[in-house]
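The data block below is run35.txt; it holds compact mmCIF, C-alpha atoms and all ligand atoms.
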```txt
# COMPACT_ATOMS: atom_id res chain seq x y z
CA MET T 1 109.58 92.49 32.42
CA ARG T 2 107.56 89.35 33.14
CA LEU T 3 104.59 91.00 31.44
CA ALA T 4 106.73 91.94 28.45
CA LEU T 5 107.95 88.34 28.24
CA ALA T 6 104.34 87.14 28.19
CA GLU T 7 103.66 89.56 25.32
CA ALA T 8 106.71 88.23 23.50
CA GLY T 9 105.28 84.74 23.77
CA ARG T 10 102.13 85.92 22.02
CA ALA T 11 104.24 87.22 19.13
CA ALA T 12 105.83 83.81 18.67
CA GLU T 13 102.39 82.16 18.55
CA GLY T 14 101.61 84.23 15.48
CA GLY T 15 104.94 83.39 13.83
CA ASP T 16 106.56 86.71 14.69
CA VAL T 17 109.96 87.12 16.31
CA PRO T 18 109.20 87.06 20.06
CA VAL T 19 109.63 90.60 21.32
CA GLY T 20 107.19 92.11 23.82
CA ALA T 21 106.83 95.51 25.47
CA VAL T 22 104.78 97.28 28.10
CA VAL T 23 104.46 100.95 29.04
CA LEU T 24 104.23 101.81 32.73
CA ALA T 25 102.58 104.97 34.02
CA PRO T 26 104.64 107.50 36.00
CA ASP T 27 103.84 105.59 39.21
CA ARG T 28 105.97 102.78 37.64
CA ARG T 29 103.33 100.20 38.63
CA THR T 30 100.24 100.83 36.50
CA VAL T 31 100.43 99.16 33.10
CA LEU T 32 99.17 101.60 30.48
CA SER T 33 99.61 99.40 27.45
CA ALA T 34 101.33 96.40 25.98
CA GLY T 35 102.42 95.24 22.57
CA TYR T 36 104.25 92.50 20.80
CA ASN T 37 105.91 92.20 17.44
CA GLU T 38 103.18 91.85 14.79
CA ARG T 39 105.14 92.37 11.59
CA GLU T 40 104.26 88.99 10.11
CA ALA T 41 100.73 89.00 11.51
CA THR T 42 99.86 92.41 10.08
CA GLY T 43 102.31 92.83 7.21
CA ASP T 44 103.31 96.17 8.72
CA PRO T 45 107.08 96.79 8.78
CA THR T 46 106.67 99.26 11.66
CA ALA T 47 104.65 96.90 13.87
CA HIS T 48 107.40 96.40 16.44
CA ALA T 49 106.39 95.77 20.05
CA GLU T 50 107.68 99.15 21.27
CA VAL T 51 105.92 101.20 18.58
CA LEU T 52 102.61 99.45 19.23
CA ALA T 53 102.92 99.82 23.02
CA VAL T 54 103.84 103.51 22.73
CA ARG T 55 100.92 104.23 20.39
CA ARG T 56 98.48 102.48 22.72
CA ALA T 57 99.83 104.27 25.81
CA ALA T 58 99.38 107.63 24.07
CA ALA T 59 95.81 106.64 23.17
CA VAL T 60 95.12 105.76 26.82
CA LEU T 61 96.58 109.05 28.08
CA GLY T 62 94.98 111.06 25.31
CA GLU T 63 98.20 112.78 24.33
CA TRP T 64 101.45 112.00 22.56
CA ARG T 65 103.77 112.91 25.43
CA LEU T 66 104.55 109.93 27.64
CA THR T 67 106.43 112.07 30.15
CA GLY T 68 107.26 110.14 33.30
CA CYS T 69 106.44 106.80 31.71
CA THR T 70 108.69 103.76 31.45
CA LEU T 71 108.87 101.47 28.44
CA VAL T 72 109.91 97.91 29.24
CA VAL T 73 110.92 95.67 26.33
CA THR T 74 112.46 92.23 26.08
CA LEU T 75 115.00 93.14 23.37
CA GLU T 76 117.13 96.23 22.93
CA PRO T 77 115.23 98.70 20.68
CA CYS T 78 116.20 99.09 17.02
CA THR T 79 116.84 102.49 15.42
CA MET T 80 113.16 102.98 14.53
CA CYS T 81 111.93 102.15 18.02
CA ALA T 82 114.69 104.16 19.68
CA GLY T 83 113.55 107.12 17.58
CA ALA T 84 109.92 106.54 18.57
CA LEU T 85 110.92 106.40 22.24
CA VAL T 86 112.77 109.70 22.02
CA GLN T 87 109.79 111.24 20.20
CA SER T 88 107.34 109.95 22.82
CA ARG T 89 109.39 111.57 25.64
CA VAL T 90 109.38 108.46 27.83
CA ASP T 91 111.57 108.95 30.89
CA ARG T 92 112.92 105.43 31.13
CA VAL T 93 113.71 102.55 28.78
CA VAL T 94 114.25 99.16 30.40
CA TYR T 95 115.30 96.26 28.23
CA GLY T 96 116.31 92.63 28.61
CA ALA T 97 118.58 91.17 25.96
CA ARG T 98 121.12 93.20 24.02
CA ASP T 99 120.90 93.17 20.24
CA ASP T 100 124.46 93.26 18.99
CA LYS T 101 123.33 93.27 15.36
CA ALA T 102 120.73 96.05 15.42
CA GLY T 103 120.51 97.55 18.91
CA ALA T 104 120.18 101.33 19.18
CA ALA T 105 120.25 101.69 22.95
CA GLY T 106 123.85 100.92 23.74
CA SER T 107 125.06 98.11 21.48
CA LEU T 108 125.49 99.16 17.87
CA TRP T 109 124.22 102.71 18.37
CA ASP T 110 123.11 104.68 21.39
CA LEU T 111 120.45 106.83 19.84
CA VAL T 112 118.36 107.22 23.01
CA ARG T 113 121.28 108.81 24.89
CA ASP T 114 122.74 110.82 22.03
CA ARG T 115 123.79 114.15 23.53
CA ARG T 116 122.72 115.98 20.38
CA LEU T 117 119.08 115.20 21.15
CA ASN T 118 117.19 117.32 23.63
CA HIS T 119 115.37 114.38 25.17
CA ARG T 120 117.39 111.47 26.52
CA PRO T 121 115.61 108.77 28.49
CA GLU T 122 117.38 106.88 31.23
CA VAL T 123 118.34 103.36 30.07
CA VAL T 124 118.40 100.24 32.21
CA GLU T 125 119.58 97.09 30.44
CA GLY T 126 119.95 93.43 31.27
CA VAL T 127 116.71 92.88 33.21
CA LEU T 128 115.91 89.13 32.93
CA ALA T 129 118.32 89.20 29.97
CA ASP T 130 118.78 85.43 29.87
CA ASP T 131 115.03 84.74 29.77
CA CYS T 132 114.56 87.33 27.02
CA ALA T 133 117.45 85.96 24.97
CA HIS T 134 116.40 82.33 25.38
CA LEU T 135 112.98 83.11 24.00
CA LEU T 136 114.65 84.41 20.84
CA THR T 137 117.20 81.62 20.47
CA ASP T 138 114.47 78.98 20.98
CA PHE T 139 112.32 80.67 18.35
CA PHE T 140 115.09 80.75 15.75
CA ARG T 141 116.25 77.22 16.53
CA ASP T 142 112.73 75.90 15.93
CA ARG T 143 112.59 77.51 12.50
ZN ZN P 1 112.10 98.16 16.68
```
Structure rendered as C-alpha cells:
Amino acid sequence: MRLALAEAGRAAEGGDVPVGAVVLAPDRRTVLSAGYNEREATGDPTAHAEVLAVRRAAAVLGEWRLTGCTLVVTLEPCTMCAGALVQSRVDRVVYGARDDKAGAAGSLWDLVRDRRLNHRPEVVEGVLADDCAHLLTDFFRDR
C-alpha cells in the first residue's frame, strides 16, 4: 500500500485526483506493475489507476489472466475498475479508503463479490485507510 500511495502522489502532481495502484505477482511480494490516475493528464476517461495497473501487469505476464495476483489500490474501486478486476481474474483486491459516493467493492455496490458472477476476488479493505483518505482530502482542500 505504501507503493500505491507513492503512485497516488504522482497523480496529484499532474493535477489528477490522487489514486494509485500496484499489482503484485502470485508470490504477493513481486511488484508486476503500477499505475496512477491519469484522466486529466491523458484526457482518457478510463485512465484510472487500477485499469492502467491491470493493463501493464497483463503486458508483463503476456496474458490477460492475472490469476493469483493481488491488486492494491488506495481508494475503493469504482464500477468500471471493479468490472476490470473481475475480468482480469485477480485473486485479491486490497484497498485503503472507502468511497461512499462511488465505491463498487463494498460501499455503494459490491460488484467484485456479486454471487451472480463466476469470478469473485477476495476483498481486503481499510489498509492504511487514513493515509489514503488524507491524500484525497488534502488534494480537494487545496483546489
Ligand atoms: Zn475506477
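If you look at CA of Leu128 in chain T and CA of Gly96 in chain T, they are 5.6 Å away from each other.
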Kindly provide, as a PyMOL selection string, the polymer residues lying within 7 Å of (106.7, 116.4, 23.3), counting all atoms listed in the file and using the coordinates exactly as they appear in the file. chain T and resi 64-65+87-89
Quick one: write out the picked residues with C-alpha atoms as a PDB file, in the frame of the given file?
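This went into again-v2.pdb:
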```pdb
ATOM      1  CA  TRP T  64     101.450 112.000  22.560  1.00  0.00           C
ATOM      2  CA  ARG T  65     103.770 112.910  25.430  1.00  0.00           C
ATOM      3  CA  GLN T  87     109.790 111.240  20.200  1.00  0.00           C
ATOM      4  CA  SER T  88     107.340 109.950  22.820  1.00  0.00           C
ATOM      5  CA  ARG T  89     109.390 111.570  25.640  1.00  0.00           C
TER       6      ARG T  89
END
```
If you take only C-alpha atoms and a cut-off of 9 Å, which residues of range 45-90 of chain T touch range 105-123 of chain T, and what are their nearest atom pairs and distances in Å to one decimal, in chain and number order, as JSON lines?
```
{"residue": "T:Glu76", "atom": "CA", "partner": "T:Ala105", "partner_atom": "CA", "distance": 6.3}
{"residue": "T:Pro77", "atom": "CA", "partner": "T:Ala105", "partner_atom": "CA", "distance": 6.3}
{"residue": "T:Cys78", "atom": "CA", "partner": "T:Ala105", "partner_atom": "CA", "distance": 7.6}
{"residue": "T:Thr79", "atom": "CA", "partner": "T:Leu111", "partner_atom": "CA", "distance": 7.2}
{"residue": "T:Ala82", "atom": "CA", "partner": "T:Val112", "partner_atom": "CA", "distance": 5.8}
{"residue": "T:Gly83", "atom": "CA", "partner": "T:Val112", "partner_atom": "CA", "distance": 7.3}
{"residue": "T:Leu85", "atom": "CA", "partner": "T:Val112", "partner_atom": "CA", "distance": 7.5}
{"residue": "T:Val86", "atom": "CA", "partner": "T:Val112", "partner_atom": "CA", "distance": 6.2}
{"residue": "T:Gln87", "atom": "CA", "partner": "T:His119", "partner_atom": "CA", "distance": 8.1}
{"residue": "T:Arg89", "atom": "CA", "partner": "T:His119", "partner_atom": "CA", "distance": 6.6}
{"residue": "T:Val90", "atom": "CA", "partner": "T:Pro121", "partner_atom": "CA", "distance": 6.3}
```
- From T:Leu3, T:Asn37, T:Arg10, T:Gly15, residue lying nearest Asp142 in chain T [all atoms listed in the file]: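 Between T:Leu3, T:Asn37, T:Arg10, T:Gly15, the residue approaching Asp142 in chain T most closely is T:Gly15.
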If we count only C-alpha atoms, what is near Ala133 in chain T at a cut-off of 6 Å, once residues fewer than 3 positions away on the same chain are taken out, given as a PDB file with C-alpha atoms, keeping the file's coordinate frame?
```
ATOM      1  CA  ALA T  97     118.580  91.170  25.960  1.00  0.00           C
ATOM      2  CA  ASP T 130     118.780  85.430  29.870  1.00  0.00           C
ATOM      3  CA  LEU T 136     114.650  84.410  20.840  1.00  0.00           C
TER       4      LEU T 136
END
```
* To do: Scan for residues within 9 Å of the point (105.7, 98.9, 29.2) in the coordinates of the file, using all atoms listed in the file, and reply as a list of chain:residue names.
  =>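 Residues satisfying the cut-off, written out: T:Met1, T:Leu3, T:Ala4, T:Gly20, T:Ala21, T:Val22, T:Val23, T:Leu24, T:Ala25, T:Val31, T:Leu32, T:Ser33, T:Ala34, T:Gly35, T:Glu50, T:Ala53, T:Val54, T:Ala57, T:Cys69, T:Thr70, T:Leu71, T:Val72, T:Val73, T:Val93, T:Val94.
Distances to Glu13 in chain T were evaluated for T:Val127, T:Ala49, T:Ala104, T:Ala41 using all atoms listed in the file, and the minimum falls at T:Ala41.
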Quick one: of T:Ala47, T:Val17, T:Ala11, T:Leu5, who's nearest to Phe140 in chain T, counting only C-alpha atoms?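 Among the listed residues, the smallest separation from Phe140 in chain T belongs to T:Val17.
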Gap from CA of Thr137 in chain T to CA of Ala12 in chain T - Å, one decimal: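 Separation of CA of Thr137 in chain T and CA of Ala12 in chain T: 11.7 Å.
Distances from T:Cys81, T:Leu52, T:Val19, T:Leu66 to ligand ZN 1 (chain P) were compared using only C-alpha atoms and all ligand atoms, and the smallest one belongs to T:Cys81.
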Atom pair CA of Gly126 in chain T / CA of Tyr95 in chain T: separation (Å):
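Separation of CA of Gly126 in chain T and CA of Tyr95 in chain T: 6.2 Å.
Closest approach to ligand ZN 1 (chain P) among T:Gly68, T:Gly14, T:Gly9, T:Pro45 is made by T:Pro45 (distances from all atoms listed in the file).
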Closest of T:Ala129, T:Val60, T:Thr67, T:Asp138 to Asp27 in chain T, counting only C-alpha atoms, is T:Thr67
